[in-house]
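*Asks:* Just dropping this structure here.
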Amino acid sequence: MAAPVRVRMAPSPTGFLHIGSVRTFLFNWLFARGRGGECLLRIENTDVSREVAAAVEQIQRSLEWIGIDWDGAATFQLDRIERCQEEAKRLVEDGAAYEEEGAIRFRMPEDGITGWDDAVLGRIEFPNAELEDVVLVRSDGRPTYNFASPVEDWLDEITHVIRGNDHVSNTPKQIQILTALGSALPVYAHVPMINGPDGKPLSKRHGAVSTDEFRDSGYLPEALINFLALLGWAPDGETTIMDRGELVDRFSLDRVGASSATFDYDKLDWLNGVYLRALPPAAYADTLVAYLRERGNDWPEERIREAVPLVQEKIGRLGEFPSFAGFLFHDVEPDPALLERAVLEEAAAALERVDLFESGPIEAALKELCERLGAKPRQVFAPIRVAVTGSKISPGLYESLALLGREAAVARLRSGAAAAAA
Ligand code: GLU
């Protein structure tokens, strides 16, 4: 029987969690969860400073938010420092490593090749002559990444190492070390890097890169997961929208491509909009309220919920809500150049006469006003929209007026008329 799958997510706790790391962790997680396997969280820390503690906390919070879980408690590389030192000594005793100036170095073979069948890249081989005698333990006793990582893969019985292809050149060294330790070798799968739209490695220059930024902007975890899964993987040439369960069912390493993936922010916005629009209105309202509260926004919940029908079809990120619908919660400061006194005075009078202050009667009253003024709807509606919402872009005008209520709507039209440049 094949050994149960066991993978690891191995972040270096250096500051924020990069969205590219999340993509790589997602591949690990999908692979394990689709095979009844285990997914470990292994922190590759070389010290235990306050910064590390904060970074670890942030990594865990980000993964929890996006819905990538792990088995058991997170482990810390530093906790295995002594074990690494013991194993290094053993390698020295075996003649596989040697001491030099207080450090311990691995003795790489001089001839032959080291190769593996990469689950993504295919066969890869390195001439051993190219592999330097890597330091395993520094003179101050700290193990290096290239030693601690394979030692941990061995101790954790990792079956598949799924990581960024920037680690390809480390792999022959780690294979040699694992072999000398007497460990079985994991399957290696080196997944492609992520570039920005200009073909350069994804960085702050392109836009958001930290997981927190995506959360702050109002992307849904489900949309982000769907999007990230498609960075370098595709189940077929077509399917785009896949929920978590479908991703788990369909993910496989042999459909991961070798070439770099492009992070397309527009596609993410589109996908997020698809997920937002698909939410049942009550769930949308819950999500929106929670999102706003997390950001310290204390607008009345009742009113937020009432605004949902006006915004759900229109905004692609929850973060757009405050600027798109904020006029429902606070006063506006319209640009006087976009206001028209005569139109606004007439509109105020017309709305005062509407019997039932709902979107249907409001629409009828404003259309009648257009006819009476002999003006095109755009000429009438544009200044009304600006006076009432403070912006040229807003949710549906009639619905907005209705939700705002007669008193506030008429007051804004009148003060718009007073402020109008013409
Ligand atoms: N900490 C490494 C990274 O963030 C992980 C290396 C590995 O998976 O072996 O790239």
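In the structure tokens, chains take letters A, B, ... by order of appearance, with residues numbered from 1 within each chain and ligands from 1 in the order shown.
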Counting only C-alpha atoms, which residues of region 271-349 of chain A fall within 8 Å of region 378-386 of chain A, and what is the closest atom pair for each with its distance in Å at one decimal, ordered by chain and rising number, as a tab-separated table?
*Replies:*
residue	atom	partner	partner_atom	distance
A:Pro334	CA	A:Val386	CA	5.9
A:Asp335	CA	A:Val386	CA	7.7
A:Leu338	CA	A:Pro383	CA	6.0
A:Leu339	CA	A:Pro383	CA	4.8
A:Glu340	CA	A:Pro383	CA	6.1
A:Val343	CA	A:Val380	CA	6.3
A:Leu344	CA	A:Ile384	CA	6.3
A:Ala347	CA	A:Ile384	CA	7.6
*Asks:* If we count only C-alpha atoms and set the cut-off at 10 Å, which residues sit around Gly273 (chain A), ignoring sequence neighbours fewer than 5 positions away in its own chain? Please answer as a ChimeraX atom specification.
*Replies:* /A:219-220,223,267-268,278,312-318
*Asks:* Can I get the selected residues back with N, CA, C and O atoms, as a compact mmCIF listing (two decimals), in the first residue's frame?
*Replies:*
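Writing the result to out17.txt gives the following:
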# COMPACT_ATOMS: atom_id res chain seq x y z
N TYR A 219 -11.91 41.20 -0.96
CA TYR A 219 -12.04 39.97 -1.77
C TYR A 219 -12.57 38.87 -0.87
O TYR A 219 -12.24 38.81 0.31
N LEU A 220 -13.37 38.00 -1.44
CA LEU A 220 -13.88 36.87 -0.68
C LEU A 220 -12.84 35.75 -0.71
O LEU A 220 -12.26 35.48 -1.77
N ALA A 223 -13.31 33.37 -3.61
CA ALA A 223 -12.91 33.86 -4.92
C ALA A 223 -11.39 33.85 -5.05
O ALA A 223 -10.84 33.48 -6.09
N LYS A 267 -8.70 39.97 -13.72
CA LYS A 267 -9.42 38.69 -13.67
C LYS A 267 -9.88 38.40 -12.23
O LYS A 267 -10.99 37.91 -12.02
N LEU A 268 -9.02 38.72 -11.28
CA LEU A 268 -9.40 38.52 -9.88
C LEU A 268 -10.62 39.36 -9.53
O LEU A 268 -11.55 38.88 -8.88
N ALA A 278 -23.20 35.95 -6.66
CA ALA A 278 -23.84 34.65 -6.47
C ALA A 278 -24.30 34.42 -5.03
O ALA A 278 -25.04 33.47 -4.76
N GLN A 312 -25.34 44.98 -4.68
CA GLN A 312 -24.82 43.63 -4.91
C GLN A 312 -24.43 43.38 -6.37
O GLN A 312 -23.43 42.72 -6.63
N GLU A 313 -25.22 43.90 -7.28
CA GLU A 313 -24.93 43.68 -8.69
C GLU A 313 -23.82 44.60 -9.20
O GLU A 313 -23.35 44.46 -10.32
N LYS A 314 -23.49 45.60 -8.40
CA LYS A 314 -22.66 46.68 -8.94
C LYS A 314 -21.21 46.68 -8.51
O LYS A 314 -20.36 47.19 -9.24
N ILE A 315 -20.92 46.18 -7.32
CA ILE A 315 -19.53 46.31 -6.88
C ILE A 315 -18.80 44.98 -6.94
O ILE A 315 -19.38 43.92 -6.74
N GLY A 316 -17.52 45.06 -7.29
CA GLY A 316 -16.72 43.84 -7.47
C GLY A 316 -15.90 43.49 -6.24
O GLY A 316 -15.34 42.40 -6.14
N ARG A 317 -15.82 44.43 -5.30
CA ARG A 317 -15.09 44.19 -4.05
C ARG A 317 -15.86 44.88 -2.94
O ARG A 317 -16.39 45.97 -3.13
N LEU A 318 -15.89 44.26 -1.77
CA LEU A 318 -16.62 44.87 -0.66
C LEU A 318 -16.01 46.21 -0.29
O LEU A 318 -16.71 47.10 0.21
*Asks:* Taking only C-alpha atoms and all ligand atoms into account, report as a list of chain:residue names which residues have an atom no farther than 8 Å from an atom of ligand 1.
*Replies:*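 Listed by chain and ascending number, the contacts are A:Arg8, A:Met9, A:Ala10, A:Pro11, A:Ser12, A:Ser21, A:Ile43, A:Glu44, A:Ser149, A:Pro150, A:Val161, A:Ile162, A:Arg163, A:Gly164, A:Asp166, A:His167.
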*Asks:* Would you save the residues from that selection as a short mmCIF file (atom, residue, chain, number, x, y, z; two decimals), in the first residue's frame, using C-alpha atoms?
*Replies:*
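again.cif, written as the output of this step:
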data_model
loop_
_atom_site.label_atom_id
_atom_site.label_comp_id
_atom_site.auth_asym_id
_atom_site.auth_seq_id
_atom_site.Cartn_x
_atom_site.Cartn_y
_atom_site.Cartn_z
CA ARG A 8 4.23 20.61 4.40
CA MET A 9 3.75 24.34 4.04
CA ALA A 10 7.06 25.90 5.02
CA PRO A 11 6.87 29.67 5.29
CA SER A 12 9.86 31.74 6.30
CA SER A 21 3.37 31.73 -0.96
CA ILE A 43 7.74 27.55 10.25
CA GLU A 44 11.26 27.94 8.91
CA SER A 149 14.77 21.54 5.58
CA PRO A 150 15.65 17.99 4.44
CA VAL A 161 7.71 18.44 -1.43
CA ILE A 162 5.66 20.98 -3.36
CA ARG A 163 7.42 24.33 -3.49
CA GLY A 164 8.42 27.21 -5.73
CA ASP A 166 13.26 28.91 -7.17
CA HIS A 167 14.29 25.90 -5.07
#
*Asks:* Can I get the residues of region 32-150 of chain A within 9 Å of region 212-216 of chain A, each with the closest pair of atoms and their distance in Å to one decimal, using only C-alpha atoms, sorted chain first then ascending number, as JSON lines?
*Replies:*
{"residue": "A:Gln58", "atom": "CA", "partner": "A:Asp212", "partner_atom": "CA", "distance": 8.7}
{"residue": "A:Ser62", "atom": "CA", "partner": "A:Asp212", "partner_atom": "CA", "distance": 6.9}
{"residue": "A:Trp65", "atom": "CA", "partner": "A:Arg215", "partner_atom": "CA", "distance": 8.4}
{"residue": "A:Ile66", "atom": "CA", "partner": "A:Arg215", "partner_atom": "CA", "distance": 8.9}
*Asks:* Compile the contact shell of region 410-417 of chain A as a JSON list (two decimals) with all heavy atoms, in the first residue's frame: residues with an atom at most 7 Å away, counting only C-alpha atoms, same-chain residues fewer than 2 positions apart removed.
*Replies:*
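That gives us result_28.json:
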[["chain", "number", "residue", "atom", "x", "y", "z"],
["A", 339, "LEU", "N", -23.69, 70.74, -10.82],
["A", 339, "LEU", "CA", -25.07, 70.91, -10.37],
["A", 339, "LEU", "C", -25.80, 71.90, -11.28],
["A", 339, "LEU", "O", -25.17, 72.75, -11.91],
["A", 339, "LEU", "CB", -25.07, 71.44, -8.93],
["A", 339, "LEU", "CG", -24.36, 70.52, -7.92],
["A", 339, "LEU", "CD1", -24.19, 71.23, -6.58],
["A", 339, "LEU", "CD2", -25.16, 69.23, -7.73],
["A", 340, "GLU", "N", -27.13, 71.83, -11.31],
["A", 340, "GLU", "CA", -27.91, 72.79, -12.11],
["A", 340, "GLU", "C", -29.10, 73.26, -11.31],
["A", 340, "GLU", "O", -30.01, 72.48, -11.02],
["A", 340, "GLU", "CB", -28.37, 72.12, -13.41],
["A", 340, "GLU", "CG", -27.22, 71.89, -14.33],
["A", 340, "GLU", "CD", -27.65, 71.87, -15.77],
["A", 340, "GLU", "OE1", -28.62, 72.60, -16.12],
["A", 340, "GLU", "OE2", -27.03, 71.12, -16.52],
["A", 341, "ARG", "N", -29.08, 74.53, -11.00],
["A", 341, "ARG", "CA", -30.06, 75.05, -10.06],
["A", 341, "ARG", "C", -31.50, 74.76, -10.48],
["A", 341, "ARG", "O", -32.27, 74.17, -9.71],
["A", 341, "ARG", "CB", -29.86, 76.57, -9.87],
["A", 341, "ARG", "CG", -30.79, 77.15, -8.80],
["A", 341, "ARG", "CD", -30.47, 78.60, -8.53],
["A", 341, "ARG", "NE", -29.09, 78.78, -8.23],
["A", 341, "ARG", "CZ", -28.30, 79.69, -8.80],
["A", 341, "ARG", "NH1", -28.80, 80.50, -9.70],
["A", 341, "ARG", "NH2", -27.03, 79.78, -8.46],
["A", 344, "LEU", "N", -32.55, 71.11, -10.23],
["A", 344, "LEU", "CA", -32.60, 70.60, -8.85],
["A", 344, "LEU", "C", -33.80, 71.16, -8.09],
["A", 344, "LEU", "O", -34.43, 70.45, -7.31],
["A", 344, "LEU", "CB", -31.28, 70.91, -8.13],
["A", 344, "LEU", "CG", -30.07, 70.18, -8.73],
["A", 344, "LEU", "CD1", -28.78, 70.62, -8.04],
["A", 344, "LEU", "CD2", -30.23, 68.66, -8.62],
["A", 345, "GLU", "N", -34.12, 72.42, -8.34],
["A", 345, "GLU", "CA", -35.31, 72.99, -7.67],
["A", 345, "GLU", "C", -36.58, 72.29, -8.14],
["A", 345, "GLU", "O", -37.44, 71.92, -7.33],
["A", 345, "GLU", "CB", -35.41, 74.49, -7.95],
["A", 345, "GLU", "CG", -34.51, 75.29, -7.02],
["A", 345, "GLU", "CD", -34.40, 76.76, -7.41],
["A", 345, "GLU", "OE1", -34.99, 77.16, -8.44],
["A", 345, "GLU", "OE2", -33.71, 77.50, -6.68],
["A", 348, "ALA", "N", -36.70, 68.79, -6.61],
["A", 348, "ALA", "CA", -37.09, 68.81, -5.20],
["A", 348, "ALA", "C", -38.61, 68.95, -5.08],
["A", 348, "ALA", "O", -39.26, 68.23, -4.32],
["A", 348, "ALA", "CB", -36.38, 69.96, -4.48],
["A", 351, "LEU", "N", -40.36, 65.70, -6.11],
["A", 351, "LEU", "CA", -40.26, 64.62, -5.12],
["A", 351, "LEU", "C", -41.10, 64.91, -3.88],
["A", 351, "LEU", "O", -41.56, 64.00, -3.21],
["A", 351, "LEU", "CB", -38.81, 64.37, -4.72],
["A", 351, "LEU", "CG", -37.92, 63.78, -5.84],
["A", 351, "LEU", "CD1", -36.58, 63.34, -5.27],
["A", 351, "LEU", "CD2", -38.59, 62.61, -6.55],
["A", 384, "ILE", "N", -29.07, 65.57, -10.56],
["A", 384, "ILE", "CA", -29.76, 65.00, -9.38],
["A", 384, "ILE", "C", -28.85, 63.99, -8.69],
["A", 384, "ILE", "O", -28.68, 64.00, -7.47],
["A", 384, "ILE", "CB", -31.09, 64.32, -9.80],
["A", 384, "ILE", "CG1", -32.07, 65.37, -10.36],
["A", 384, "ILE", "CG2", -31.70, 63.57, -8.63],
["A", 384, "ILE", "CD1", -33.39, 64.79, -10.85],
["A", 387, "ALA", "N", -26.08, 65.74, -6.87],
["A", 387, "ALA", "CA", -26.56, 66.45, -5.66],
["A", 387, "ALA", "C", -26.87, 65.47, -4.53],
["A", 387, "ALA", "O", -26.60, 65.75, -3.37],
["A", 387, "ALA", "CB", -27.81, 67.26, -6.00],
["A", 388, "VAL", "N", -27.40, 64.31, -4.90],
["A", 388, "VAL", "CA", -27.87, 63.39, -3.87],
["A", 388, "VAL", "C", -26.77, 62.45, -3.39],
["A", 388, "VAL", "O", -26.68, 62.12, -2.21],
["A", 388, "VAL", "CB", -29.07, 62.58, -4.42],
["A", 388, "VAL", "CG1", -29.44, 61.43, -3.49],
["A", 388, "VAL", "CG2", -30.27, 63.50, -4.61],
["A", 406, "ARG", "N", -37.51, 60.69, 1.76],
["A", 406, "ARG", "CA", -37.92, 61.95, 1.15],
["A", 406, "ARG", "C", -37.21, 63.16, 1.75],
["A", 406, "ARG", "O", -36.70, 64.01, 1.05],
["A", 406, "ARG", "CB", -39.44, 62.13, 1.29],
["A", 406, "ARG", "CG", -39.95, 63.34, 0.49],
["A", 406, "ARG", "CD", -41.36, 63.74, 0.90],
["A", 406, "ARG", "NE", -42.28, 62.63, 0.94],
["A", 406, "ARG", "CZ", -43.12, 62.27, -0.05],
["A", 406, "ARG", "NH1", -43.12, 62.94, -1.19],
["A", 406, "ARG", "NH2", -43.94, 61.26, 0.11],
["A", 407, "GLU", "N", -37.16, 63.17, 3.07],
["A", 407, "GLU", "CA", -36.64, 64.36, 3.74],
["A", 407, "GLU", "C", -35.20, 64.65, 3.33],
["A", 407, "GLU", "O", -34.86, 65.76, 2.92],
["A", 407, "GLU", "CB", -36.72, 64.15, 5.25],
["A", 407, "GLU", "CG", -36.80, 65.43, 6.03],
["A", 407, "GLU", "CD", -36.86, 65.13, 7.52],
["A", 407, "GLU", "OE1", -37.61, 64.21, 7.91],
["A", 407, "GLU", "OE2", -36.13, 65.80, 8.25],
["A", 408, "ALA", "N", -34.36, 63.61, 3.45],
["A", 408, "ALA", "CA", -32.93, 63.80, 3.13],
["A", 408, "ALA", "C", -32.75, 64.06, 1.64],
["A", 408, "ALA", "O", -31.93, 64.91, 1.24],
["A", 408, "ALA", "CB", -32.13, 62.56, 3.54],
["A", 419, "ALA", "N", -26.12, 75.57, -4.05],
["A", 419, "ALA", "CA", -24.67, 75.56, -4.27],
["A", 419, "ALA", "C", -24.31, 75.59, -5.76],
["A", 419, "ALA", "O", -23.14, 75.79, -6.10],
["A", 419, "ALA", "CB", -24.06, 74.31, -3.63],
["A", 420, "ALA", "N", -25.32, 75.39, -6.62],
["A", 420, "ALA", "CA", -25.02, 75.24, -8.05],
["A", 420, "ALA", "C", -24.29, 76.46, -8.60],
["A", 420, "ALA", "O", -24.60, 77.61, -8.26],
["A", 420, "ALA", "CB", -26.31, 75.01, -8.82]]
*Asks:* Which of these residues is nearest to Tyr291 (chain A), using only C-alpha atoms: A:Ile304, A:Ala119, A:Ala73, A:Val248?
*Replies:*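 Comparing A:Ile304, A:Ala119, A:Ala73, A:Val248 against Tyr291 (chain A), the winner is A:Ile304.
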*Asks:* When you count only C-alpha atoms, which of these residues is closest to Pro197 (chain A): A:Phe263, A:Met242, A:Arg295, A:Arg142?
*Replies:* A:Phe263
*Asks:* Can you pull out every residue within 10 Å of region 31-41 of chain A, counting only C-alpha atoms, but drop anything in the same chain fewer than 6 positions away, and send it as a PyMOL selection string?
*Replies:* chain A and resi 3-11+25+59-60+68-76+156+158-160+162+245-253
*Asks:* Would you write out those residues with N, CA, C and O atoms, as a short mmCIF file (atom, residue, chain, number, x, y, z; two decimals), in the first residue's frame?
*Replies:*
data_model
loop_
_atom_site.label_atom_id
_atom_site.label_comp_id
_atom_site.auth_asym_id
_atom_site.auth_seq_id
_atom_site.Cartn_x
_atom_site.Cartn_y
_atom_site.Cartn_z
N ALA A 3 2.31 4.85 0.92
CA ALA A 3 2.29 5.62 2.17
C ALA A 3 1.27 6.73 2.02
O ALA A 3 1.08 7.28 0.94
N PRO A 4 0.58 7.05 3.12
CA PRO A 4 -0.36 8.18 3.03
C PRO A 4 0.40 9.45 2.68
O PRO A 4 1.53 9.65 3.10
N VAL A 5 -0.28 10.29 1.90
CA VAL A 5 0.35 11.54 1.48
C VAL A 5 0.58 12.46 2.68
O VAL A 5 -0.30 12.60 3.53
N ARG A 6 1.76 13.05 2.76
CA ARG A 6 1.99 14.06 3.78
C ARG A 6 2.85 15.17 3.18
O ARG A 6 3.94 14.94 2.70
N VAL A 7 2.30 16.37 3.22
CA VAL A 7 3.01 17.52 2.65
C VAL A 7 3.23 18.56 3.75
O VAL A 7 2.69 18.44 4.85
N ARG A 8 4.01 19.55 3.43
CA ARG A 8 4.23 20.61 4.40
C ARG A 8 4.20 21.96 3.73
O ARG A 8 4.61 22.13 2.60
N MET A 9 3.70 22.94 4.47
CA MET A 9 3.75 24.34 4.04
C MET A 9 4.85 24.94 4.91
O MET A 9 4.78 24.86 6.14
N ALA A 10 5.86 25.52 4.27
CA ALA A 10 7.06 25.90 5.02
C ALA A 10 7.40 27.38 4.86
O ALA A 10 8.38 27.73 4.22
N PRO A 11 6.58 28.24 5.44
CA PRO A 11 6.87 29.67 5.29
C PRO A 11 8.09 30.11 6.09
O PRO A 11 8.33 29.60 7.18
N PHE A 25 1.13 27.19 -0.98
CA PHE A 25 0.52 26.44 0.13
C PHE A 25 -0.81 25.82 -0.32
O PHE A 25 -1.14 24.70 0.06
N ILE A 59 0.79 34.81 9.66
CA ILE A 59 0.69 33.71 8.70
C ILE A 59 -0.53 32.84 9.04
O ILE A 59 -1.34 32.50 8.18
N GLN A 60 -0.65 32.52 10.32
CA GLN A 60 -1.74 31.64 10.72
C GLN A 60 -3.10 32.31 10.52
O GLN A 60 -4.04 31.70 10.03
N ILE A 68 -7.29 27.72 4.54
CA ILE A 68 -6.31 26.65 4.38
C ILE A 68 -5.93 26.20 5.79
O ILE A 68 -5.35 26.98 6.54
N ASP A 69 -6.30 24.97 6.13
CA ASP A 69 -5.99 24.52 7.49
C ASP A 69 -4.81 23.56 7.47
O ASP A 69 -4.32 23.18 6.41
N TRP A 70 -4.34 23.20 8.64
CA TRP A 70 -3.18 22.31 8.72
C TRP A 70 -3.42 21.31 9.85
O TRP A 70 -4.26 21.51 10.71
N ASP A 71 -2.66 20.22 9.78
CA ASP A 71 -2.85 19.14 10.75
C ASP A 71 -1.87 19.27 11.89
O ASP A 71 -0.66 19.44 11.67
N GLY A 72 -2.37 19.19 13.11
CA GLY A 72 -1.52 19.34 14.28
C GLY A 72 -1.13 20.79 14.47
O GLY A 72 -1.58 21.67 13.75
N ALA A 73 -0.30 21.01 15.47
CA ALA A 73 0.15 22.38 15.73
C ALA A 73 1.28 22.72 14.76
O ALA A 73 1.97 21.83 14.28
N ALA A 74 1.43 24.01 14.50
CA ALA A 74 2.56 24.45 13.68
C ALA A 74 3.85 24.07 14.40
O ALA A 74 3.91 24.07 15.63
N THR A 75 4.89 23.71 13.64
CA THR A 75 6.17 23.39 14.26
C THR A 75 7.20 24.43 13.85
O THR A 75 7.03 25.12 12.83
N PHE A 76 8.24 24.53 14.64
CA PHE A 76 9.26 25.56 14.43
C PHE A 76 10.62 24.92 14.21
O PHE A 76 11.04 24.06 14.98
N ASP A 156 9.57 14.38 9.47
CA ASP A 156 8.11 14.53 9.32
C ASP A 156 7.53 13.51 8.33
O ASP A 156 6.33 13.52 8.09
N ILE A 158 7.71 13.41 5.12
CA ILE A 158 7.06 14.13 4.02
C ILE A 158 7.15 13.27 2.74
O ILE A 158 8.23 12.78 2.39
N THR A 159 6.01 13.09 2.11
CA THR A 159 6.02 12.27 0.89
C THR A 159 6.15 13.12 -0.37
O THR A 159 6.64 12.63 -1.38
N HIS A 160 5.67 14.36 -0.32
CA HIS A 160 5.72 15.23 -1.49
C HIS A 160 6.17 16.62 -1.08
O HIS A 160 5.52 17.23 -0.22
N ILE A 162 6.24 20.12 -2.32
CA ILE A 162 5.66 20.98 -3.36
C ILE A 162 6.07 22.40 -3.01
O ILE A 162 5.65 22.93 -1.98
N GLY A 245 -14.59 22.63 -2.86
CA GLY A 245 -14.76 21.18 -2.96
C GLY A 245 -14.35 20.67 -4.33
O GLY A 245 -13.68 19.63 -4.46
N GLU A 246 -14.73 21.41 -5.35
CA GLU A 246 -14.38 20.98 -6.71
C GLU A 246 -12.87 21.06 -6.93
O GLU A 246 -12.27 20.19 -7.56
N LEU A 247 -12.26 22.10 -6.39
CA LEU A 247 -10.80 22.23 -6.50
C LEU A 247 -10.11 21.04 -5.84
O LEU A 247 -9.18 20.46 -6.39
N VAL A 248 -10.58 20.70 -4.64
CA VAL A 248 -9.98 19.56 -3.93
C VAL A 248 -10.13 18.29 -4.76
O VAL A 248 -9.19 17.51 -4.92
N ASP A 249 -11.31 18.10 -5.32
CA ASP A 249 -11.56 16.88 -6.11
C ASP A 249 -10.69 16.82 -7.36
O ASP A 249 -10.26 15.76 -7.77
N ARG A 250 -10.48 17.98 -7.97
CA ARG A 250 -9.87 17.94 -9.30
C ARG A 250 -8.37 18.20 -9.32
O ARG A 250 -7.71 17.92 -10.32
N PHE A 251 -7.83 18.76 -8.24
CA PHE A 251 -6.42 19.17 -8.30
C PHE A 251 -5.49 17.96 -8.49
O PHE A 251 -5.63 16.94 -7.84
N SER A 252 -4.55 18.11 -9.40
CA SER A 252 -3.50 17.09 -9.52
C SER A 252 -2.22 17.77 -9.99
O SER A 252 -2.26 18.79 -10.68
N LEU A 253 -1.10 17.22 -9.58
CA LEU A 253 0.19 17.83 -9.93
C LEU A 253 0.48 17.73 -11.42
O LEU A 253 1.16 18.59 -11.98
#
*Asks:* Near Val120 (chain A), counting only C-alpha atoms, which residues have an atom at most 12 Å away, once you skip same-chain residues fewer than 4 positions from it, shown as a list in words?
*Replies:* Phe27, Trp116, Ile124, His160, Val161, Ile162, Arg163, Gly164, Asn165, Val168, Val187, Tyr188, Ala189, His190, Val191, Pro192, Gly232, Trp233, Ser252, Leu253, Asp254, Arg255, Val256, Gly257, Ala258 and Ser259 of chain A
*Asks:* Could those residues be written to a file, using N, CA, C and O atoms, as a short mmCIF file (atom, residue, chain, number, x, y, z; two decimals), in the first residue's frame?
*Replies:*
data_model
loop_
_atom_site.label_atom_id
_atom_site.label_comp_id
_atom_site.auth_asym_id
_atom_site.auth_seq_id
_atom_site.Cartn_x
_atom_site.Cartn_y
_atom_site.Cartn_z
N PHE A 27 -1.60 24.77 -3.26
CA PHE A 27 -1.34 23.55 -4.03
C PHE A 27 -1.04 22.37 -3.10
O PHE A 27 -1.50 21.26 -3.31
N TRP A 116 16.15 13.67 -10.38
CA TRP A 116 14.86 13.23 -9.88
C TRP A 116 13.80 13.48 -10.94
O TRP A 116 14.01 14.28 -11.86
N ILE A 124 14.96 15.95 -14.04
CA ILE A 124 15.96 17.01 -13.84
C ILE A 124 17.24 16.37 -13.32
O ILE A 124 17.18 15.50 -12.44
N HIS A 160 5.67 14.36 -0.32
CA HIS A 160 5.72 15.23 -1.49
C HIS A 160 6.17 16.62 -1.08
O HIS A 160 5.52 17.23 -0.22
N VAL A 161 7.24 17.08 -1.68
CA VAL A 161 7.71 18.44 -1.43
C VAL A 161 7.22 19.29 -2.60
O VAL A 161 7.70 19.16 -3.72
N ILE A 162 6.24 20.12 -2.32
CA ILE A 162 5.66 20.98 -3.36
C ILE A 162 6.07 22.40 -3.01
O ILE A 162 5.65 22.93 -1.98
N ARG A 163 6.90 23.01 -3.83
CA ARG A 163 7.42 24.33 -3.49
C ARG A 163 7.75 25.10 -4.76
O ARG A 163 7.71 24.55 -5.87
N GLY A 164 8.13 26.36 -4.59
CA GLY A 164 8.42 27.21 -5.73
C GLY A 164 9.63 26.72 -6.50
O GLY A 164 10.56 26.14 -5.92
N ASN A 165 9.64 26.97 -7.80
CA ASN A 165 10.76 26.46 -8.60
C ASN A 165 12.05 27.25 -8.42
O ASN A 165 13.06 26.92 -9.02
N VAL A 168 14.70 24.75 -7.17
CA VAL A 168 15.20 23.62 -7.99
C VAL A 168 16.69 23.37 -7.73
O VAL A 168 17.12 22.23 -7.56
N VAL A 187 8.70 12.82 -3.27
CA VAL A 187 8.49 13.29 -4.64
C VAL A 187 8.64 14.81 -4.60
O VAL A 187 8.12 15.46 -3.70
N TYR A 188 9.35 15.36 -5.57
CA TYR A 188 9.48 16.81 -5.65
C TYR A 188 8.57 17.36 -6.75
O TYR A 188 8.48 16.76 -7.83
N ALA A 189 7.94 18.46 -6.44
CA ALA A 189 7.10 19.14 -7.43
C ALA A 189 7.41 20.63 -7.33
O ALA A 189 7.09 21.26 -6.32
N HIS A 190 8.07 21.15 -8.33
CA HIS A 190 8.44 22.57 -8.30
C HIS A 190 7.46 23.37 -9.14
O HIS A 190 7.40 23.20 -10.36
N VAL A 191 6.72 24.21 -8.45
CA VAL A 191 5.62 24.92 -9.11
C VAL A 191 6.11 26.27 -9.64
O VAL A 191 7.04 26.85 -9.09
N PRO A 192 5.47 26.76 -10.70
CA PRO A 192 5.98 27.95 -11.37
C PRO A 192 5.88 29.22 -10.51
O PRO A 192 5.04 29.33 -9.63
N GLY A 232 -1.13 28.66 -12.57
CA GLY A 232 -0.20 27.57 -12.86
C GLY A 232 -0.86 26.21 -12.94
O GLY A 232 -0.22 25.22 -13.28
N TRP A 233 -2.14 26.14 -12.61
CA TRP A 233 -2.86 24.87 -12.70
C TRP A 233 -4.16 25.10 -13.45
O TRP A 233 -4.76 26.19 -13.35
N SER A 252 -4.55 18.11 -9.40
CA SER A 252 -3.50 17.09 -9.52
C SER A 252 -2.22 17.77 -9.99
O SER A 252 -2.26 18.79 -10.68
N LEU A 253 -1.10 17.22 -9.58
CA LEU A 253 0.19 17.83 -9.93
C LEU A 253 0.48 17.73 -11.42
O LEU A 253 1.16 18.59 -11.98
N ASP A 254 -0.05 16.69 -12.08
CA ASP A 254 0.30 16.56 -13.49
C ASP A 254 -0.40 17.60 -14.37
O ASP A 254 -0.08 17.73 -15.55
N ARG A 255 -1.33 18.36 -13.79
CA ARG A 255 -1.94 19.47 -14.55
C ARG A 255 -1.35 20.83 -14.15
O ARG A 255 -1.88 21.86 -14.52
N VAL A 256 -0.27 20.79 -13.37
CA VAL A 256 0.42 22.04 -13.06
C VAL A 256 1.41 22.30 -14.19
O VAL A 256 2.18 21.41 -14.56
N GLY A 257 1.39 23.50 -14.74
CA GLY A 257 2.27 23.82 -15.86
C GLY A 257 3.66 24.23 -15.38
O GLY A 257 3.84 24.59 -14.22
N ALA A 258 4.60 24.18 -16.28
CA ALA A 258 5.98 24.51 -15.90
C ALA A 258 6.27 26.00 -16.04
O ALA A 258 7.17 26.53 -15.39
N SER A 259 5.54 26.67 -16.90
CA SER A 259 5.93 28.07 -17.16
C SER A 259 5.27 29.04 -16.19
O SER A 259 4.22 28.74 -15.60
#
*Asks:* Find the residues near Ile113 (chain A): any atom within 7 Å, counting only C-alpha atoms, skip ones fewer than 2 places away on the same chain, and give them as a short mmCIF file (atom, residue, chain, number, x, y, z; two decimals) with C-alpha atoms, in the first residue's frame.
*Replies:*
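Written out: around-v4.cif:
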data_model
loop_
_atom_site.label_atom_id
_atom_site.label_comp_id
_atom_site.auth_asym_id
_atom_site.auth_seq_id
_atom_site.Cartn_x
_atom_site.Cartn_y
_atom_site.Cartn_z
CA ASP A 111 31.38 12.34 -10.02
CA GLY A 115 18.52 13.61 -10.61
CA GLU A 125 19.63 16.18 -13.45
CA PHE A 126 22.63 17.99 -12.06
CA PRO A 127 26.25 16.89 -12.47
CA ASN A 128 27.56 16.32 -8.96
#
*Asks:* Excluding same-chain residues fewer than 5 positions from region 85-92 of chain A, what lies within 8 Å of it counting only C-alpha atoms, as a ChimeraX atom specification?
*Replies:* /A:97-99,104,136-137,141,143,180-181
